[in-house]
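> Structure file structure32.cif (mmCIF, C-alpha atoms) right here:
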data_run
#
loop_
_atom_site.label_atom_id
_atom_site.label_comp_id
_atom_site.auth_asym_id
_atom_site.auth_seq_id
_atom_site.Cartn_x
_atom_site.Cartn_y
_atom_site.Cartn_z
CA ASP A 1 -0.88 118.46 205.81
CA LEU A 2 2.57 117.01 206.47
CA ASN A 3 4.10 115.15 203.53
CA LEU A 4 6.17 112.40 205.13
CA GLY A 5 6.10 110.26 201.99
CA CYS A 6 8.51 111.88 199.51
CA PRO A 7 11.35 109.41 198.66
CA GLN A 8 13.28 111.65 196.26
CA ARG A 9 16.96 112.49 196.58
CA ILE A 10 16.24 116.15 197.35
CA ALA A 11 14.20 115.03 200.37
CA GLN A 12 17.08 112.86 201.53
CA LYS A 13 19.49 115.77 201.16
CA GLY A 14 17.21 118.09 203.12
CA ASN A 15 16.22 115.39 205.64
CA TYR A 16 12.49 115.70 205.11
CA GLY A 17 9.71 113.69 203.48
CA ALA A 18 9.96 109.92 203.92
CA PHE A 19 13.51 110.22 205.26
CA LEU A 20 12.12 111.49 208.55
CA MET A 21 10.97 107.89 209.08
CA ARG A 22 14.50 107.36 210.39
CA ASN A 23 13.67 109.70 213.27
CA LEU A 24 10.18 108.82 214.50
CA SER A 25 10.55 110.87 217.67
CA LYS A 26 10.97 114.00 215.54
CA ILE A 27 7.86 113.10 213.53
CA GLU A 28 5.91 112.59 216.74
CA LYS A 29 7.03 116.00 218.00
CA LEU A 30 6.11 117.67 214.68
CA VAL A 31 2.60 116.23 214.62
CA THR A 32 1.99 116.87 218.32
CA THR A 33 3.16 120.48 218.09
CA ALA A 34 1.10 121.13 214.96
CA SER A 35 -2.07 119.51 216.26
CA LYS A 36 -1.91 121.44 219.54
CA GLY A 37 -0.87 124.76 218.08
CA LEU A 38 -3.04 125.02 214.96
CA SER A 39 -6.74 125.75 214.64
CA VAL A 40 -7.10 123.43 211.63
CA PRO A 41 -6.90 119.61 211.52
CA VAL A 42 -3.48 118.07 210.93
CA THR A 43 -3.23 115.35 208.28
CA VAL A 44 -0.22 113.25 207.32
CA LYS A 45 0.97 111.26 204.30
CA ILE A 46 3.38 108.38 204.93
CA ARG A 47 5.10 105.37 203.38
CA ILE A 48 5.23 101.90 204.89
CA PHE A 49 8.04 100.02 206.63
CA GLU A 50 9.14 96.55 205.55
CA GLU A 51 7.74 95.10 208.79
CA ILE A 52 3.96 95.34 209.09
CA GLU A 53 4.07 95.70 212.88
CA LYS A 54 6.47 98.62 212.62
CA THR A 55 4.10 100.27 210.16
CA LEU A 56 1.16 99.76 212.51
CA ASP A 57 3.15 101.24 215.40
CA TYR A 58 3.97 104.22 213.17
CA VAL A 59 0.30 104.84 212.34
CA ARG A 60 -0.65 104.42 216.01
CA MET A 61 1.94 107.03 217.00
CA LEU A 62 0.64 109.48 214.40
CA ARG A 63 -2.95 108.99 215.54
CA ASP A 64 -2.05 109.47 219.20
CA ALA A 65 -0.01 112.57 218.30
CA GLY A 66 -3.11 114.17 216.80
CA ALA A 67 -3.23 113.25 213.10
CA THR A 68 -6.88 113.35 212.08
CA MET A 69 -6.43 111.66 208.70
CA ILE A 70 -3.56 109.58 207.29
CA ALA A 71 -2.71 108.91 203.65
CA VAL A 72 -0.71 105.71 203.22
CA HIS A 73 1.46 105.09 200.17
CA GLY A 74 1.81 101.32 199.97
CA ARG A 75 5.52 101.32 199.06
CA ARG A 76 8.68 101.52 201.14
CA ILE A 77 11.10 104.43 200.96
CA ASP A 78 13.45 102.45 198.69
CA GLN A 79 10.67 101.54 196.24
CA LYS A 80 10.70 104.64 194.04
CA ASN A 81 9.82 103.11 190.66
CA SER A 82 6.04 103.04 190.68
CA ARG A 83 5.92 101.57 187.15
CA GLU A 84 7.85 98.44 188.17
CA ILE A 85 6.95 98.01 191.84
CA ARG A 86 3.34 97.54 192.86
CA ALA A 87 2.08 99.24 196.00
CA ASP A 88 1.04 96.78 198.71
CA TRP A 89 -2.67 97.29 199.23
CA SER A 90 -2.75 94.48 201.80
CA VAL A 91 -0.76 96.65 204.23
CA ILE A 92 -3.22 99.51 203.73
CA LYS A 93 -6.10 97.10 204.32
CA ARG A 94 -4.53 95.98 207.61
CA ILE A 95 -4.12 99.61 208.70
CA VAL A 96 -7.78 100.34 207.92
CA GLU A 97 -8.83 97.32 209.99
CA GLU A 98 -6.58 98.25 212.93
CA PHE A 99 -7.58 101.93 213.06
CA PRO A 100 -11.30 102.34 212.29
CA ASP A 101 -11.31 105.67 214.15
CA VAL A 102 -8.96 107.37 211.67
CA PRO A 103 -9.84 108.00 208.00
CA ILE A 104 -7.18 106.27 205.87
CA ILE A 105 -6.47 107.37 202.30
CA ALA A 106 -4.99 104.68 200.05
CA ASN A 107 -2.20 105.71 197.66
CA GLY A 108 -0.41 103.67 194.99
CA ASN A 109 -1.42 101.69 191.86
CA ILE A 110 -4.18 104.17 190.97
CA ARG A 111 -4.05 104.40 187.17
CA ASN A 112 -7.71 104.66 186.17
CA ARG A 113 -11.31 104.69 187.43
CA GLU A 114 -11.36 100.90 187.73
CA ASP A 115 -8.32 101.01 190.04
CA VAL A 116 -10.15 103.50 192.26
CA GLU A 117 -13.13 101.19 192.67
CA GLU A 118 -10.97 98.10 193.20
CA CYS A 119 -8.73 99.81 195.75
CA LEU A 120 -11.68 101.08 197.78
CA ARG A 121 -13.28 97.64 197.67
CA PHE A 122 -10.12 95.77 198.66
CA THR A 123 -8.69 98.09 201.30
CA GLY A 124 -11.86 99.57 202.78
CA ALA A 125 -10.10 102.96 202.75
CA ALA A 126 -12.07 106.18 203.11
CA ALA A 127 -10.64 107.53 199.84
CA VAL A 128 -7.83 107.11 197.33
CA MET A 129 -5.03 109.42 196.27
CA SER A 130 -3.30 109.56 192.88
CA ALA A 131 -0.23 111.63 192.02
CA GLN A 132 1.97 110.85 189.01
CA THR A 133 -0.92 109.34 187.06
CA LEU A 134 -2.85 112.61 187.19
CA LEU A 135 0.20 114.69 186.32
CA ASP A 136 0.55 112.65 183.13
CA ASP A 137 -3.18 112.44 182.45
CA PRO A 138 -5.59 114.72 184.36
CA THR A 139 -8.49 112.82 182.79
CA ALA A 140 -7.38 109.38 184.04
CA LEU A 141 -10.03 109.12 186.75
CA GLU A 142 -12.85 110.72 184.76
CA GLY A 143 -16.32 109.33 184.97
CA GLY A 144 -19.69 110.27 183.56
CA GLY A 145 -18.87 109.56 179.94
CA ARG A 146 -16.11 112.13 179.44
CA PRO A 147 -13.30 110.52 177.39
CA THR A 148 -9.81 110.14 178.84
CA ILE A 149 -6.56 110.94 177.02
CA THR A 150 -6.10 107.23 176.36
CA GLU A 151 -9.46 107.10 174.60
CA ASP A 152 -9.23 110.49 172.89
CA PRO A 153 -5.64 111.81 172.48
CA GLU A 154 -6.55 115.43 171.78
CA GLN A 155 -7.85 115.53 175.36
CA SER A 156 -4.21 116.03 176.42
CA ALA A 157 -4.26 119.46 174.77
CA ARG A 158 -7.88 120.23 175.72
CA SER A 159 -7.11 119.43 179.36
CA MET A 160 -4.28 121.96 179.29
CA ILE A 161 -6.52 124.60 177.72
CA GLU A 162 -8.99 123.99 180.56
CA TYR A 163 -6.11 124.07 183.05
CA ILE A 164 -4.90 127.46 181.76
CA SER A 165 -8.43 128.84 182.27
CA LEU A 166 -8.27 127.67 185.88
CA VAL A 167 -4.81 129.20 186.34
CA GLU A 168 -6.16 132.56 185.15
CA LYS A 169 -8.70 132.41 188.00
CA HIS A 170 -6.32 130.85 190.53
CA PRO A 171 -2.73 131.94 189.70
CA THR A 172 0.20 129.65 190.43
CA LYS A 173 3.91 129.61 189.68
CA MET A 174 4.91 129.65 186.02
CA ALA A 175 7.25 126.71 186.68
CA CYS A 176 4.25 124.61 187.75
CA ILE A 177 2.32 125.50 184.59
CA HIS A 178 5.32 124.65 182.45
CA MET A 179 5.79 121.30 184.16
CA HIS A 180 2.13 120.35 183.74
CA MET A 181 2.12 121.31 180.06
CA HIS A 182 5.15 119.11 179.40
CA ALA A 183 3.86 116.20 181.52
CA CYS A 184 0.40 116.09 179.96
CA MET A 185 1.39 116.61 176.31
CA ARG A 186 4.81 114.89 176.51
CA ASP A 187 4.22 112.22 173.86
CA TRP A 188 2.87 114.61 171.23
CA LEU A 189 5.47 117.28 171.99
CA ALA A 190 8.08 114.61 171.27
CA GLU A 191 6.58 114.32 167.78
CA PHE A 192 5.80 118.02 167.22
CA THR A 193 9.25 119.23 168.22
CA ASP A 194 8.67 122.73 166.83
CA LEU A 195 5.77 123.17 169.26
CA ARG A 196 7.93 121.82 172.08
CA GLU A 197 10.47 124.54 171.28
CA GLU A 198 7.70 127.12 171.19
CA LEU A 199 6.50 125.92 174.59
CA ASN A 200 10.00 126.18 176.06
CA LYS A 201 10.28 129.81 174.90
CA VAL A 202 7.14 130.91 176.77
CA PRO A 203 8.81 131.84 180.12
CA ARG A 204 11.36 134.02 178.35
CA ARG A 205 8.74 135.68 176.10
CA ALA A 206 6.30 136.25 178.98
CA LYS A 207 8.90 138.01 181.18
CA ASN A 208 7.10 137.06 184.41
CA ASP A 209 3.79 138.44 183.13
CA MET A 210 1.29 135.71 184.04
CA SER A 211 -1.40 137.07 181.72
CA VAL A 212 0.97 136.94 178.74
CA ALA A 213 2.23 133.50 179.79
CA CYS A 214 -1.28 132.03 179.97
CA SER A 215 -2.07 133.41 176.51
CA LEU A 216 1.10 131.88 175.04
CA TYR A 217 0.59 128.53 176.80
CA ARG A 218 -3.01 128.37 175.56
CA GLU A 219 -1.82 129.11 172.03
CA VAL A 220 0.64 126.20 172.15
CA ALA A 221 -2.00 123.82 173.52
CA GLU A 222 -4.45 124.83 170.79
CA LYS A 223 -1.81 124.18 168.12
CA VAL A 224 -1.09 120.75 169.63
CA GLU A 225 -4.81 119.95 169.56
CA GLN A 226 -5.07 120.92 165.88
CA ARG A 227 -2.01 118.84 164.98
CA ILE A 228 -3.42 115.78 166.74
CA LEU A 229 -6.76 116.18 164.96
CA HIS A 230 -4.91 116.48 161.64
CA VAL A 231 -2.96 113.28 162.34
CA LYS A 232 -6.16 111.44 163.26
CA ARG A 233 -7.91 112.66 160.13
CA THR A 234 -5.12 112.13 157.60
CA GLU A 235 -3.27 109.13 159.05
CA ASN A 236 -5.96 107.50 161.17
CA ARG A 237 -3.43 107.49 164.00
CA THR A 238 -4.07 108.15 167.70
CA VAL A 239 -0.59 107.47 169.09
CA ALA A 240 2.31 109.90 168.85
CA ILE A 241 5.51 108.98 167.02
CA ARG A 242 8.40 110.33 169.01
CA ALA A 243 11.00 112.18 166.98
CA PRO A 244 14.58 111.19 167.84
CA SER A 245 16.47 113.61 170.06
CA PHE A 246 19.67 115.31 168.90
CA ARG A 247 21.67 113.03 171.17
CA GLU A 248 19.99 109.95 169.70
CA ILE A 249 20.72 111.22 166.19
CA GLU A 250 24.36 111.76 167.15
CA ARG A 251 24.60 108.26 168.63
CA ALA A 252 23.01 106.70 165.54
CA ALA A 253 25.40 108.60 163.27
CA ALA A 254 28.39 107.56 165.36
CA ARG A 255 27.19 103.95 165.31
CA GLU A 256 26.79 104.00 161.52
CA ALA A 257 30.23 105.60 161.14
CA ALA A 258 31.79 102.93 163.34
CA ILE A 259 30.08 100.15 161.35
CA ALA A 260 31.24 101.70 158.06
CA GLN A 261 34.80 101.98 159.35
CA GLN A 262 34.72 98.36 160.51
CA ARG A 263 33.53 97.27 157.07
CA GLU A 264 36.32 99.24 155.41
CA GLU A 265 38.88 97.63 157.70
CA GLU A 266 37.47 94.16 157.01
CA THR A 267 37.58 94.82 153.24
CA ALA A 268 41.16 96.09 153.46
CA LEU A 269 42.13 93.02 155.50
CA ARG A 270 40.53 90.69 152.94
CA ASP A 271 42.34 92.51 150.10
CA LEU A 272 45.60 92.17 151.97
CA GLU A 273 45.02 88.45 152.54
CA ASN A 274 44.18 87.98 148.85
CA LEU A 275 47.30 89.86 147.83
CA SER A 276 49.35 87.72 150.18
CA GLU A 277 47.88 84.52 148.69
CA LYS A 278 48.60 85.72 145.15
CA THR A 279 52.18 86.55 146.14
CA LYS A 280 52.64 83.06 147.61
CA ASP A 281 51.26 81.45 144.45
CA LYS A 282 53.58 83.54 142.28
CA HIS A 283 56.63 82.51 144.28
CA ALA A 284 55.50 78.87 144.23
CA THR A 285 55.39 78.86 140.37
#
Taking this structure as input, can you express it in the form of structure tokens?

Amino acid sequence: DLNLGCPQRIAQKGNYGAFLMRNLSKIEKLVTTASKGLSVPVTVKIRIFEEIEKTLDYVRMLRDAGATMIAVHGRRIDQKNSREIRADWSVIKRIVEEFPDVPIIANGNIRNREDVEECLRFTGAAAVMSAQTLLDDPTALEGGGRPTITEDPEQSARSMIEYISLVEKHPTKMACIHMHMHACMRDWLAEFTDLREELNKVPRRAKNDMSVACSLYREVAEKVEQRILHVKRTENRTVAIRAPSFREIERAAAREAAIAQQREEETALRDLENLSEKTKDKHAT
């Protein structure tokens, strides 16, 4: 699978991901070489161009070069903010209509199960793909009655406990585990700052021992779950209250100090003006 859709700065610096769209002949050579030289199917993920015809030509080139399945993110390379810029499903729909011989995976605007159904209905795509949404909430596309994190906040911790069990069977990099723990439990870790600190100490305490790391990560997730349940039970609250960061506290203190100083200066100025008026009156009499 060739990821030709990454729009991040690191991809620009390394000249890979979506930035290869500036050199379509290189992409064509990559896909052709891979499809001819590998014994497995070659799939590709891309972003769209501003011009629909250029996008269609791009997909046609990939198909002819040997791509057996194409995932299409419905945003341009300059449209990085997925929370503010909607993916263009109409472009994906046009691609599906133009290339019925190639399975097209729709990517973008997939936030929940309803989005999945609507995207499939509208675009006619063979499947959908979701990225950031599932990093933040692995339960977002759940079906079959299982509650999502939005519906049941302690699921953020329970999902990570389940995730750690999977990691024990299928090891991965500790950095990936750490990132997922922070992404999924971010809101509550911002409230339970002591548990956030405990989480951040895991890599150092584990000393590259994955078994120890998984045990420590599970322990943090279990503590987060218990804290959330306590908040629900005692405060009837299901939304985290983010504790201010040290920088925010510093800024607030500096702002209050500046306001206090301004008030002191204004008071001193008023006292000076009053003294000046009294002096004038004295001289006048």
> Pick out the residues sitting within 9 Å of Met21 (chain A), and hand them over as a tab-separated table (two decimals) with C-alpha atoms, in the coordinates of the input; count only C-alpha atoms, and ignore anything fewer than 2 positions along from it in its own chain.

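Listing of result07.tsv after writing:
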chain	number	residue	atom	x	y	z
A	4	LEU	CA	6.17	112.40	205.13
A	5	GLY	CA	6.10	110.26	201.99
A	16	TYR	CA	12.49	115.70	205.11
A	17	GLY	CA	9.71	113.69	203.48
A	18	ALA	CA	9.96	109.92	203.92
A	19	PHE	CA	13.51	110.22	205.26
A	23	ASN	CA	13.67	109.70	213.27
A	24	LEU	CA	10.18	108.82	214.50
A	26	LYS	CA	10.97	114.00	215.54
A	27	ILE	CA	7.86	113.10	213.53
A	46	ILE	CA	3.38	108.38	204.93
A	47	ARG	CA	5.10	105.37	203.38
A	49	PHE	CA	8.04	100.02	206.63
A	58	TYR	CA	3.97	104.22	213.17
A	77	ILE	CA	11.10	104.43	200.96
> Could you tell me how far CA of Ile164 (chain A) lies from CA of Asn236 (chain A), in Å and to one decimal?
28.7 Å
> For the structure provided, state which residues fall under the PyMOL selection byres ((chain A and resi 114-118) around 12), and present them as a VMD selection string.
chain A and resid 89 105 to 113 119 to 130 133 140 to 143
> Which residue, A:Lys13, A:Arg63, A:Arg205, A:His73, has the smallest gap to Ala87 (chain A) when you use all atoms listed in the file?
A:His73
> Need to verify the contact set: region 145-157 of chain A, 12 Å, only C-alpha atoms, exclusion of same-chain residues closer than 4 positions in sequence. Can you return it as a ChimeraX atom specification?
/A:111-113,133-141,161-164,180-189,217-232,237-240
> Figure out the distance between CA of Thr267 (chain A) and CA of Ala254 (chain A), please, to one decimal in Å.
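Pair CA of Ala254 (chain A) / CA of Thr267 (chain A) returns 19.8 Å.
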> With distances taken over all atoms listed in the file, which residue among A:Ala65, A:Cys214, A:Ala260, A:Val31 lies nearest Ile177 (chain A)?
A:Cys214
> What is the distance, in Å and to one decimal place, between CA of Lys54 (chain A) and CA of Val72 (chain A)?
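That distance, rounded to one decimal, is 13.8 Å.
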> What's the 10 Å shell around Leu216 (chain A), counting only C-alpha atoms, without same-chain residues fewer than 5 positions away, as a list in words?
Glu198, Leu199, Lys201, Val202, Pro203, Arg205, Ala206, Met210, Ser211, Ala221 and Glu222 of chain A
> Hey, can you spit out that residue selection with C-alpha atoms as a compact mmCIF listing (two decimals), keeping the file's coordinate frame?

# COMPACT_ATOMS: atom_id res chain seq x y z
CA GLU A 198 7.70 127.12 171.19
CA LEU A 199 6.50 125.92 174.59
CA LYS A 201 10.28 129.81 174.90
CA VAL A 202 7.14 130.91 176.77
CA PRO A 203 8.81 131.84 180.12
CA ARG A 205 8.74 135.68 176.10
CA ALA A 206 6.30 136.25 178.98
CA MET A 210 1.29 135.71 184.04
CA SER A 211 -1.40 137.07 181.72
CA ALA A 221 -2.00 123.82 173.52
CA GLU A 222 -4.45 124.83 170.79
> Return the single residue from A:Val44, A:Glu28, A:Ile92, A:Arg196 that is closest to Asp64 (chain A), with distances computed using all atoms listed in the file.
A:Glu28
> Can you list what the PyMOL selection byres ((chain A and resi 70) around 7) grabs from this structure, as a PDB file with C-alpha atoms, in the coordinates of the input?

ATOM      1  CA  THR A  43      -3.230 115.350 208.280  1.00  0.00           C
ATOM      2  CA  VAL A  44      -0.220 113.250 207.320  1.00  0.00           C
ATOM      3  CA  LYS A  45       0.970 111.260 204.300  1.00  0.00           C
ATOM      4  CA  ALA A  67      -3.230 113.250 213.100  1.00  0.00           C
ATOM      5  CA  THR A  68      -6.880 113.350 212.080  1.00  0.00           C
ATOM      6  CA  MET A  69      -6.430 111.660 208.700  1.00  0.00           C
ATOM      7  CA  ALA A  71      -2.710 108.910 203.650  1.00  0.00           C
ATOM      8  CA  VAL A  72      -0.710 105.710 203.220  1.00  0.00           C
ATOM      9  CA  PRO A 103      -9.840 108.000 208.000  1.00  0.00           C
ATOM     10  CA  ILE A 104      -7.180 106.270 205.870  1.00  0.00           C
ATOM     11  CA  ILE A 105      -6.470 107.370 202.300  1.00  0.00           C
TER      12      ILE A 105
END
> So that all listed atoms of region 135-148 of chain A fit with 5 Å spare on each side, what axis-aligned box centre and edge lengths in Å, to one decimal, would you give as AutoDock Vina command-line options?

--center_x -9.6 --center_y 111.9 --center_z 182.1 --size_x 30.2 --size_y 15.6 --size_z 19.4
> Since the input has fewer atoms than a full residue there, write region 95-128 of chain A out with N, CA and C atoms, as a PDB file, in the frame of the given file.

ATOM      1  N   ILE A  95      -4.080  98.349 207.960  1.00  0.00           N
ATOM      2  CA  ILE A  95      -4.120  99.610 208.700  1.00  0.00           C
ATOM      3  C   ILE A  95      -5.566 100.060 208.896  1.00  0.00           C
ATOM      4  N   VAL A  96      -6.354  99.961 207.833  1.00  0.00           N
ATOM      5  CA  VAL A  96      -7.780 100.340 207.920  1.00  0.00           C
ATOM      6  C   VAL A  96      -8.487  99.510 208.979  1.00  0.00           C
ATOM      7  N   GLU A  97      -8.186  98.213 209.023  1.00  0.00           N
ATOM      8  CA  GLU A  97      -8.830  97.320 209.990  1.00  0.00           C
ATOM      9  C   GLU A  97      -8.393  97.624 211.418  1.00  0.00           C
ATOM     10  N   GLU A  98      -7.128  98.001 211.596  1.00  0.00           N
ATOM     11  CA  GLU A  98      -6.580  98.250 212.930  1.00  0.00           C
ATOM     12  C   GLU A  98      -7.008  99.609 213.490  1.00  0.00           C
ATOM     13  N   PHE A  99      -7.296 100.566 212.599  1.00  0.00           N
ATOM     14  CA  PHE A  99      -7.580 101.930 213.060  1.00  0.00           C
ATOM     15  C   PHE A  99      -8.876 102.457 212.436  1.00  0.00           C
ATOM     16  N   PRO A 100     -10.006 101.913 212.848  1.00  0.00           N
ATOM     17  CA  PRO A 100     -11.300 102.340 212.290  1.00  0.00           C
ATOM     18  C   PRO A 100     -11.688 103.762 212.691  1.00  0.00           C
ATOM     19  N   ASP A 101     -10.985 104.325 213.673  1.00  0.00           N
ATOM     20  CA  ASP A 101     -11.310 105.670 214.150  1.00  0.00           C
ATOM     21  C   ASP A 101     -10.582 106.767 213.378  1.00  0.00           C
ATOM     22  N   VAL A 102      -9.710 106.380 212.458  1.00  0.00           N
ATOM     23  CA  VAL A 102      -8.960 107.370 211.670  1.00  0.00           C
ATOM     24  C   VAL A 102      -9.213 107.148 210.178  1.00  0.00           C
ATOM     25  N   PRO A 103      -9.673 108.160 209.456  1.00  0.00           N
ATOM     26  CA  PRO A 103      -9.840 108.000 208.000  1.00  0.00           C
ATOM     27  C   PRO A 103      -8.486 107.727 207.337  1.00  0.00           C
ATOM     28  N   ILE A 104      -8.418 106.653 206.565  1.00  0.00           N
ATOM     29  CA  ILE A 104      -7.180 106.270 205.870  1.00  0.00           C
ATOM     30  C   ILE A 104      -7.379 106.466 204.367  1.00  0.00           C
ATOM     31  N   ILE A 105      -6.454 107.176 203.742  1.00  0.00           N
ATOM     32  CA  ILE A 105      -6.470 107.370 202.300  1.00  0.00           C
ATOM     33  C   ILE A 105      -5.443 106.442 201.670  1.00  0.00           C
ATOM     34  N   ALA A 106      -5.877 105.632 200.717  1.00  0.00           N
ATOM     35  CA  ALA A 106      -4.990 104.680 200.050  1.00  0.00           C
ATOM     36  C   ALA A 106      -4.282 105.352 198.867  1.00  0.00           C
ATOM     37  N   ASN A 107      -2.988 105.116 198.747  1.00  0.00           N
ATOM     38  CA  ASN A 107      -2.200 105.710 197.660  1.00  0.00           C
ATOM     39  C   ASN A 107      -1.300 104.643 197.045  1.00  0.00           C
ATOM     40  N   GLY A 108      -1.257 104.633 195.709  1.00  0.00           N
ATOM     41  CA  GLY A 108      -0.410 103.670 194.990  1.00  0.00           C
ATOM     42  C   GLY A 108      -1.234 102.758 194.101  1.00  0.00           C
ATOM     43  N   ASN A 109      -0.763 102.560 192.861  1.00  0.00           N
ATOM     44  CA  ASN A 109      -1.420 101.690 191.860  1.00  0.00           C
ATOM     45  C   ASN A 109      -2.729 102.269 191.327  1.00  0.00           C
ATOM     46  N   ILE A 110      -2.932 103.569 191.454  1.00  0.00           N
ATOM     47  CA  ILE A 110      -4.180 104.170 190.970  1.00  0.00           C
ATOM     48  C   ILE A 110      -3.924 104.757 189.584  1.00  0.00           C
ATOM     49  N   ARG A 111      -4.331 104.003 188.554  1.00  0.00           N
ATOM     50  CA  ARG A 111      -4.050 104.400 187.170  1.00  0.00           C
ATOM     51  C   ARG A 111      -5.316 104.831 186.406  1.00  0.00           C
ATOM     52  N   ASN A 112      -6.466 104.355 186.872  1.00  0.00           N
ATOM     53  CA  ASN A 112      -7.710 104.660 186.170  1.00  0.00           C
ATOM     54  C   ASN A 112      -8.894 104.520 187.131  1.00  0.00           C
ATOM     55  N   ARG A 113     -10.088 104.739 186.603  1.00  0.00           N
ATOM     56  CA  ARG A 113     -11.310 104.690 187.430  1.00  0.00           C
ATOM     57  C   ARG A 113     -11.519 103.303 188.022  1.00  0.00           C
ATOM     58  N   GLU A 114     -11.195 102.275 187.249  1.00  0.00           N
ATOM     59  CA  GLU A 114     -11.360 100.900 187.730  1.00  0.00           C
ATOM     60  C   GLU A 114     -10.457 100.626 188.925  1.00  0.00           C
ATOM     61  N   ASP A 115      -9.239 101.178 188.899  1.00  0.00           N
ATOM     62  CA  ASP A 115      -8.320 101.010 190.040  1.00  0.00           C
ATOM     63  C   ASP A 115      -8.879 101.666 191.294  1.00  0.00           C
ATOM     64  N   VAL A 116      -9.537 102.807 191.118  1.00  0.00           N
ATOM     65  CA  VAL A 116     -10.150 103.500 192.260  1.00  0.00           C
ATOM     66  C   VAL A 116     -11.167 102.590 192.927  1.00  0.00           C
ATOM     67  N   GLU A 117     -12.070 102.048 192.123  1.00  0.00           N
ATOM     68  CA  GLU A 117     -13.130 101.190 192.670  1.00  0.00           C
ATOM     69  C   GLU A 117     -12.558  99.939 193.316  1.00  0.00           C
ATOM     70  N   GLU A 118     -11.557  99.324 192.669  1.00  0.00           N
ATOM     71  CA  GLU A 118     -10.970  98.100 193.200  1.00  0.00           C
ATOM     72  C   GLU A 118     -10.213  98.355 194.492  1.00  0.00           C
ATOM     73  N   CYS A 119      -9.493  99.479 194.538  1.00  0.00           N
ATOM     74  CA  CYS A 119      -8.730  99.810 195.750  1.00  0.00           C
ATOM     75  C   CYS A 119      -9.663 100.062 196.934  1.00  0.00           C
ATOM     76  N   LEU A 120     -10.721 100.816 196.710  1.00  0.00           N
ATOM     77  CA  LEU A 120     -11.680 101.080 197.780  1.00  0.00           C
ATOM     78  C   LEU A 120     -12.329  99.791 198.266  1.00  0.00           C
ATOM     79  N   ARG A 121     -12.657  98.909 197.303  1.00  0.00           N
ATOM     80  CA  ARG A 121     -13.280  97.640 197.670  1.00  0.00           C
ATOM     81  C   ARG A 121     -12.330  96.772 198.477  1.00  0.00           C
ATOM     82  N   PHE A 122     -11.081  96.671 198.026  1.00  0.00           N
ATOM     83  CA  PHE A 122     -10.120  95.770 198.660  1.00  0.00           C
ATOM     84  C   PHE A 122      -9.635  96.283 200.010  1.00  0.00           C
ATOM     85  N   THR A 123      -9.302  97.562 200.076  1.00  0.00           N
ATOM     86  CA  THR A 123      -8.690  98.090 201.300  1.00  0.00           C
ATOM     87  C   THR A 123      -9.706  98.557 202.330  1.00  0.00           C
ATOM     88  N   GLY A 124     -10.891  98.982 201.859  1.00  0.00           N
ATOM     89  CA  GLY A 124     -11.860  99.570 202.780  1.00  0.00           C
ATOM     90  C   GLY A 124     -11.496 100.987 203.170  1.00  0.00           C
ATOM     91  N   ALA A 125     -10.550 101.608 202.444  1.00  0.00           N
ATOM     92  CA  ALA A 125     -10.100 102.960 202.750  1.00  0.00           C
ATOM     93  C   ALA A 125     -11.214 103.976 202.555  1.00  0.00           C
ATOM     94  N   ALA A 126     -11.064 105.125 203.207  1.00  0.00           N
ATOM     95  CA  ALA A 126     -12.070 106.180 203.110  1.00  0.00           C
ATOM     96  C   ALA A 126     -12.011 106.885 201.766  1.00  0.00           C
ATOM     97  N   ALA A 127     -10.829 106.856 201.134  1.00  0.00           N
ATOM     98  CA  ALA A 127     -10.640 107.530 199.840  1.00  0.00           C
ATOM     99  C   ALA A 127      -9.347 107.027 199.223  1.00  0.00           C
ATOM    100  N   VAL A 128      -9.104 107.432 197.982  1.00  0.00           N
ATOM    101  CA  VAL A 128      -7.830 107.110 197.330  1.00  0.00           C
ATOM    102  C   VAL A 128      -7.143 108.392 196.900  1.00  0.00           C
TER     103      VAL A 128
END
